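Peer 1: Before I ask anything, here is the structure I am working with.
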Amino acid sequence: MSLLQQTWKTLSISLTDTILTISMNRPKANAMSPELLNELIQAFNQVSNDKKIKGVLLRSNLNSTFCAGADLGTVYNLSIAGQQSAIDKFVFDTLSRGMTAPLYCSKPVACSLDGHTIAGGLMLALACDYIAIGTRKPFRIGITGPIVGIPYPLKAVKLVQHQLEPQLAYRLLVDANLFSSNDFSIRCERSETPDDLSRKWLKMICERPLKGFEITKKKWWSDIIELDSMDNEQEKKEYFNAVTSDECMQAMKKALAKNTK
């Protein structure tokens, strides 16, 4: 069954000429639930194998948010249950593959940011080949996990290091700074209509023979992809101990309570 024929619960998908548009649509903030992550994985996997599709535009259907990152409620509930296998599955499999799905896609992927881009949402954007940032209204970009004591897996850390200037990457990962989109230093282009910029870039790339692009893309991301073959049992244990600590669970509970007010 083709992408357009499938029923998606958290994505809206459309095809114009040879460009597929994937719009995240999980109110109120596109928080990365297992369902959203699995649909992103499935969609990008199918794109790689669909000869009719030459490029992908990733965007949000929500007015004020691109993506708020991993669903904190999911992480909190898994931590309360205290089952390491379930935490490992969500963090090191579903979340890891979902937020990096664009970099594994053989086709060019452009990303339009026109709303808050937080934590795993930023990782998802950084995993794309091109980023366009909207300028009609400023929004927040940053990483918030450290505020509640959640450590970032090595793959996420390496992705941020790979794509951002070292000092900025460190401040994001350690200080949990949030930046205005107007001031965020990132390899991108800016416009009041970021979707138009993304489509313009995709059109330029997709008019070329794509085999060369595919080979170059694999080389660019090779350091990140190689992490998949590493033994990370110690990292999983450290992560589990961190998120199931009393301090971390209390911080997550407080943050969730604040978000519901």
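Chain identifiers are assigned as A, B, and so on, following the order in which chains appear in the structure tokens; residues are numbered from 1 within each chain, and ligands are numbered from 1 in order of appearance.
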Can you tell me, as a list of chain:residue names, what residues are no more than 12 Å from Lys137 of chain A when counting only C-alpha atoms, ignoring any on the same chain fewer than 3 positions away?
Peer 2: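 With the cut-off at 12 Å, the set is A:Asn63, A:Ser64, A:Thr65, A:Leu113, A:Asp114, A:Gly115, A:His116, A:Ile133, A:Gly134, A:Arg140, A:Ser180, A:Ser181, A:Asn182, A:Arg190, A:Ser191, A:Glu192, A:Thr193, A:Pro194.
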Peer 1: Keeping only C-alpha atoms, write the selected residues to a file as a short mmCIF file (atom, residue, chain, number, x, y, z; two decimals), in the first residue's frame.
Peer 2:
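Final output, again38.cif:
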data_model
loop_
_atom_site.label_atom_id
_atom_site.label_comp_id
_atom_site.auth_asym_id
_atom_site.auth_seq_id
_atom_site.Cartn_x
_atom_site.Cartn_y
_atom_site.Cartn_z
CA ASN A 63 0.51 26.90 14.25
CA SER A 64 2.96 27.53 17.08
CA THR A 65 5.05 24.35 17.38
CA LEU A 113 10.63 25.34 11.21
CA ASP A 114 7.90 27.89 11.96
CA GLY A 115 7.22 27.17 15.64
CA HIS A 116 8.81 25.98 18.88
CA ILE A 133 13.38 28.91 9.54
CA GLY A 134 10.31 31.14 9.53
CA ARG A 140 11.95 28.97 20.91
CA SER A 180 14.96 32.81 20.05
CA SER A 181 14.69 31.56 16.48
CA ASN A 182 15.94 35.00 15.41
CA ARG A 190 15.30 32.20 6.68
CA SER A 191 12.07 33.52 5.22
CA GLU A 192 8.55 34.55 6.18
CA THR A 193 7.43 31.49 4.21
CA PRO A 194 9.85 28.66 5.10
#
Peer 1: Got a sec: who's within 10 Å of Thr18 of chain A, counting only C-alpha atoms, leaving out chain neighbours fewer than 4 positions off, as an MDAnalysis selection string?
Peer 2: chainID A and resid 51:56 202:203 206
Peer 1: Name all residues at most 7 Å from segment 82-94 of chain A (count only C-alpha atoms; drop same-chain ones fewer than 4 positions away) and give them as number ranges by chain.
Peer 2: A: 34, 37-38, 78, 98, 236, 240, 244
Peer 1: Selected residues, all heavy atoms, written as a PDB file, in the first residue's frame, please.
Peer 2:
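again_14.pdb written:
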ATOM      1  N   PRO A  34       5.180   7.158  21.152  1.00  0.00           N
ATOM      2  CA  PRO A  34       5.562   5.998  20.333  1.00  0.00           C
ATOM      3  C   PRO A  34       4.831   5.965  18.988  1.00  0.00           C
ATOM      4  O   PRO A  34       5.422   5.603  17.971  1.00  0.00           O
ATOM      5  CB  PRO A  34       5.172   4.812  21.221  1.00  0.00           C
ATOM      6  CG  PRO A  34       5.320   5.334  22.617  1.00  0.00           C
ATOM      7  CD  PRO A  34       4.852   6.773  22.538  1.00  0.00           C
ATOM      8  N   LEU A  37       6.420   8.587  16.572  1.00  0.00           N
ATOM      9  CA  LEU A  37       7.767   8.139  16.199  1.00  0.00           C
ATOM     10  C   LEU A  37       7.707   6.976  15.223  1.00  0.00           C
ATOM     11  O   LEU A  37       8.439   6.955  14.220  1.00  0.00           O
ATOM     12  CB  LEU A  37       8.545   7.746  17.451  1.00  0.00           C
ATOM     13  CG  LEU A  37       8.931   8.912  18.371  1.00  0.00           C
ATOM     14  CD1 LEU A  37       9.280   8.398  19.762  1.00  0.00           C
ATOM     15  CD2 LEU A  37      10.084   9.718  17.791  1.00  0.00           C
ATOM     16  N   ASN A  38       6.852   6.001  15.500  1.00  0.00           N
ATOM     17  CA  ASN A  38       6.744   4.839  14.610  1.00  0.00           C
ATOM     18  C   ASN A  38       6.207   5.225  13.238  1.00  0.00           C
ATOM     19  O   ASN A  38       6.621   4.653  12.217  1.00  0.00           O
ATOM     20  CB  ASN A  38       5.863   3.763  15.252  1.00  0.00           C
ATOM     21  CG  ASN A  38       6.597   2.966  16.319  1.00  0.00           C
ATOM     22  OD1 ASN A  38       7.766   2.624  16.154  1.00  0.00           O
ATOM     23  ND2 ASN A  38       5.918   2.670  17.413  1.00  0.00           N
ATOM     24  N   LEU A  78       7.060   5.317  32.197  1.00  0.00           N
ATOM     25  CA  LEU A  78       7.994   4.197  32.095  1.00  0.00           C
ATOM     26  C   LEU A  78       8.948   4.178  33.283  1.00  0.00           C
ATOM     27  O   LEU A  78       9.303   3.109  33.791  1.00  0.00           O
ATOM     28  CB  LEU A  78       8.786   4.303  30.787  1.00  0.00           C
ATOM     29  CG  LEU A  78       8.015   4.043  29.489  1.00  0.00           C
ATOM     30  CD1 LEU A  78       8.878   4.359  28.279  1.00  0.00           C
ATOM     31  CD2 LEU A  78       7.535   2.593  29.422  1.00  0.00           C
ATOM     32  N   GLY A  98      13.185   7.202  15.452  1.00  0.00           N
ATOM     33  CA  GLY A  98      12.205   8.174  14.987  1.00  0.00           C
ATOM     34  C   GLY A  98      12.789   9.552  14.771  1.00  0.00           C
ATOM     35  O   GLY A  98      12.558  10.186  13.742  1.00  0.00           O
ATOM     36  N   LYS A 236      22.702   2.189  28.456  1.00  0.00           N
ATOM     37  CA  LYS A 236      21.309   1.907  28.820  1.00  0.00           C
ATOM     38  C   LYS A 236      21.148   1.831  30.333  1.00  0.00           C
ATOM     39  O   LYS A 236      20.173   2.344  30.899  1.00  0.00           O
ATOM     40  CB  LYS A 236      20.852   0.599  28.167  1.00  0.00           C
ATOM     41  CG  LYS A 236      20.679   0.672  26.661  1.00  0.00           C
ATOM     42  CD  LYS A 236      20.276  -0.676  26.103  1.00  0.00           C
ATOM     43  CE  LYS A 236      20.099  -0.632  24.595  1.00  0.00           C
ATOM     44  NZ  LYS A 236      19.746  -1.969  24.028  1.00  0.00           N
ATOM     45  N   PHE A 240      18.867   4.341  32.606  1.00  0.00           N
ATOM     46  CA  PHE A 240      17.816   3.814  33.473  1.00  0.00           C
ATOM     47  C   PHE A 240      17.995   4.302  34.903  1.00  0.00           C
ATOM     48  O   PHE A 240      17.041   4.743  35.552  1.00  0.00           O
ATOM     49  CB  PHE A 240      17.837   2.275  33.434  1.00  0.00           C
ATOM     50  CG  PHE A 240      16.876   1.631  34.389  1.00  0.00           C
ATOM     51  CD1 PHE A 240      15.526   1.570  34.101  1.00  0.00           C
ATOM     52  CD2 PHE A 240      17.317   1.079  35.584  1.00  0.00           C
ATOM     53  CE1 PHE A 240      14.623   0.987  34.983  1.00  0.00           C
ATOM     54  CE2 PHE A 240      16.440   0.488  36.472  1.00  0.00           C
ATOM     55  CZ  PHE A 240      15.087   0.442  36.168  1.00  0.00           C
ATOM     56  N   THR A 244      15.136   6.863  36.693  1.00  0.00           N
ATOM     57  CA  THR A 244      14.363   6.244  37.776  1.00  0.00           C
ATOM     58  C   THR A 244      14.817   6.732  39.155  1.00  0.00           C
ATOM     59  O   THR A 244      14.315   6.261  40.173  1.00  0.00           O
ATOM     60  CB  THR A 244      14.465   4.704  37.733  1.00  0.00           C
ATOM     61  OG1 THR A 244      15.841   4.307  37.778  1.00  0.00           O
ATOM     62  CG2 THR A 244      13.811   4.154  36.477  1.00  0.00           C
TER      63      THR A 244
END
Peer 1: From the DSSP assignment of the backbone, select every residue of segment 15-203 of chain A that is helix (DSSP H, G or I), and format the answer as a ChimeraX atom specification.
Peer 2: /A:34-48,72-81,84-99,101-104,120-126,145-148,154-163,166-175,194-203
Peer 1: What separation in Å, quoted to one decimal, exists between atom CA of Leu72 of chain A and atom CA of Lys258 of chain A?
Peer 2: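 Between atom CA of Leu72 of chain A and atom CA of Lys258 of chain A the gap works out to 12.1 Å.
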Peer 1: Looking at A:Leu3, A:Met204, A:Cys188, A:Ala132, which one is nearest to Asn49 of chain A, with distances taken over only C-alpha atoms?
Peer 2: A:Leu3
Peer 1: If we count only C-alpha atoms, what is near Thr7 of chain A at a cut-off of 12 Å, once residues fewer than 5 positions away on the same chain are taken out, given as a PyMOL selection string?
Peer 2: chain A and resi 1-2+12-13+39+43
Peer 1: From a DSSP pass on the backbone, collect the residues of segment 77-223 of chain A flagged as strand (DSSP E) and hand them back as a list in words.
Peer 2: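 Put together, the selection reads Val109, Ala110, Cys111, Ser112, Leu113, His116, Thr117, Ile118, Tyr130, Ile131, Ala132, Ile133, Gly134, Arg140, Ile141, Gly142, Leu178, Phe179, Ser180, Glu189, Arg190 and Ser191 of chain A.
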Peer 1: Please list as a list in words every residue within 8 Å of Cys105 of chain A, counting only C-alpha atoms and excluding residues in the same chain fewer than 3 positions away.
Peer 2: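 Result of the neighbour search: Phe44, Asn45, Val47, Ser48, Ala101, Pro102, Pro108 and Val109 of chain A.
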Peer 1: Go ahead and save the picked residues with N, CA, C and O atoms, as a short mmCIF file (atom, residue, chain, number, x, y, z; two decimals), in the first residue's frame.
Peer 2:
data_model
loop_
_atom_site.label_atom_id
_atom_site.label_comp_id
_atom_site.auth_asym_id
_atom_site.auth_seq_id
_atom_site.Cartn_x
_atom_site.Cartn_y
_atom_site.Cartn_z
N PHE A 44 9.37 7.45 6.41
CA PHE A 44 10.68 7.69 5.77
C PHE A 44 11.26 6.41 5.17
O PHE A 44 11.94 6.45 4.13
N ASN A 45 11.00 5.27 5.79
CA ASN A 45 11.44 3.99 5.21
C ASN A 45 10.77 3.76 3.86
O ASN A 45 11.42 3.33 2.90
N VAL A 47 9.53 6.05 1.86
CA VAL A 47 10.01 7.04 0.90
C VAL A 47 11.28 6.53 0.20
O VAL A 47 11.44 6.67 -1.02
N SER A 48 12.18 5.94 0.97
CA SER A 48 13.44 5.45 0.41
C SER A 48 13.21 4.41 -0.68
O SER A 48 14.03 4.28 -1.60
N ALA A 101 15.14 9.56 11.73
CA ALA A 101 14.63 8.92 10.51
C ALA A 101 15.01 9.66 9.23
O ALA A 101 15.34 9.02 8.22
N PRO A 102 15.01 11.01 9.21
CA PRO A 102 15.37 11.70 7.95
C PRO A 102 16.78 11.40 7.47
O PRO A 102 17.02 11.35 6.26
N PRO A 108 16.53 13.38 -0.54
CA PRO A 108 16.77 14.66 0.14
C PRO A 108 15.56 15.05 1.00
O PRO A 108 14.41 14.93 0.56
N VAL A 109 15.84 15.51 2.22
CA VAL A 109 14.79 15.88 3.16
C VAL A 109 15.00 17.33 3.60
O VAL A 109 16.05 17.67 4.16
#
Peer 1: Measure the distance from atom CA of Glu247 of chain A to atom CA of Ala169 of chain A in Å and round it to one decimal.
Peer 2: 25.1 Å
Peer 1: Considering only C-alpha atoms, can you say which of A:Glu189, A:Leu126, A:Ala31, A:Gly149 comes closest to Leu164 of chain A?
Peer 2: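 Looking at the shortest contact to Leu164 of chain A, the residue is A:Leu126.
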Peer 1: Tell me, counting only C-alpha atoms, for each residue of segment 135-170 of chain A within 12 Å of segment 209-220 of chain A, which pair of atoms is nearest and how far apart they are in Å to one decimal, in rows ordered by chain and increasing number, as a Markdown table.
Peer 2:
| residue | atom | partner | partner_atom | distance |
| --- | --- | --- | --- | --- |
| A:Leu159 | CA | A:Trp220 | CA | 11.5 |
| A:His162 | CA | A:Trp220 | CA | 9.5 |
| A:Gln163 | CA | A:Trp220 | CA | 10.5 |
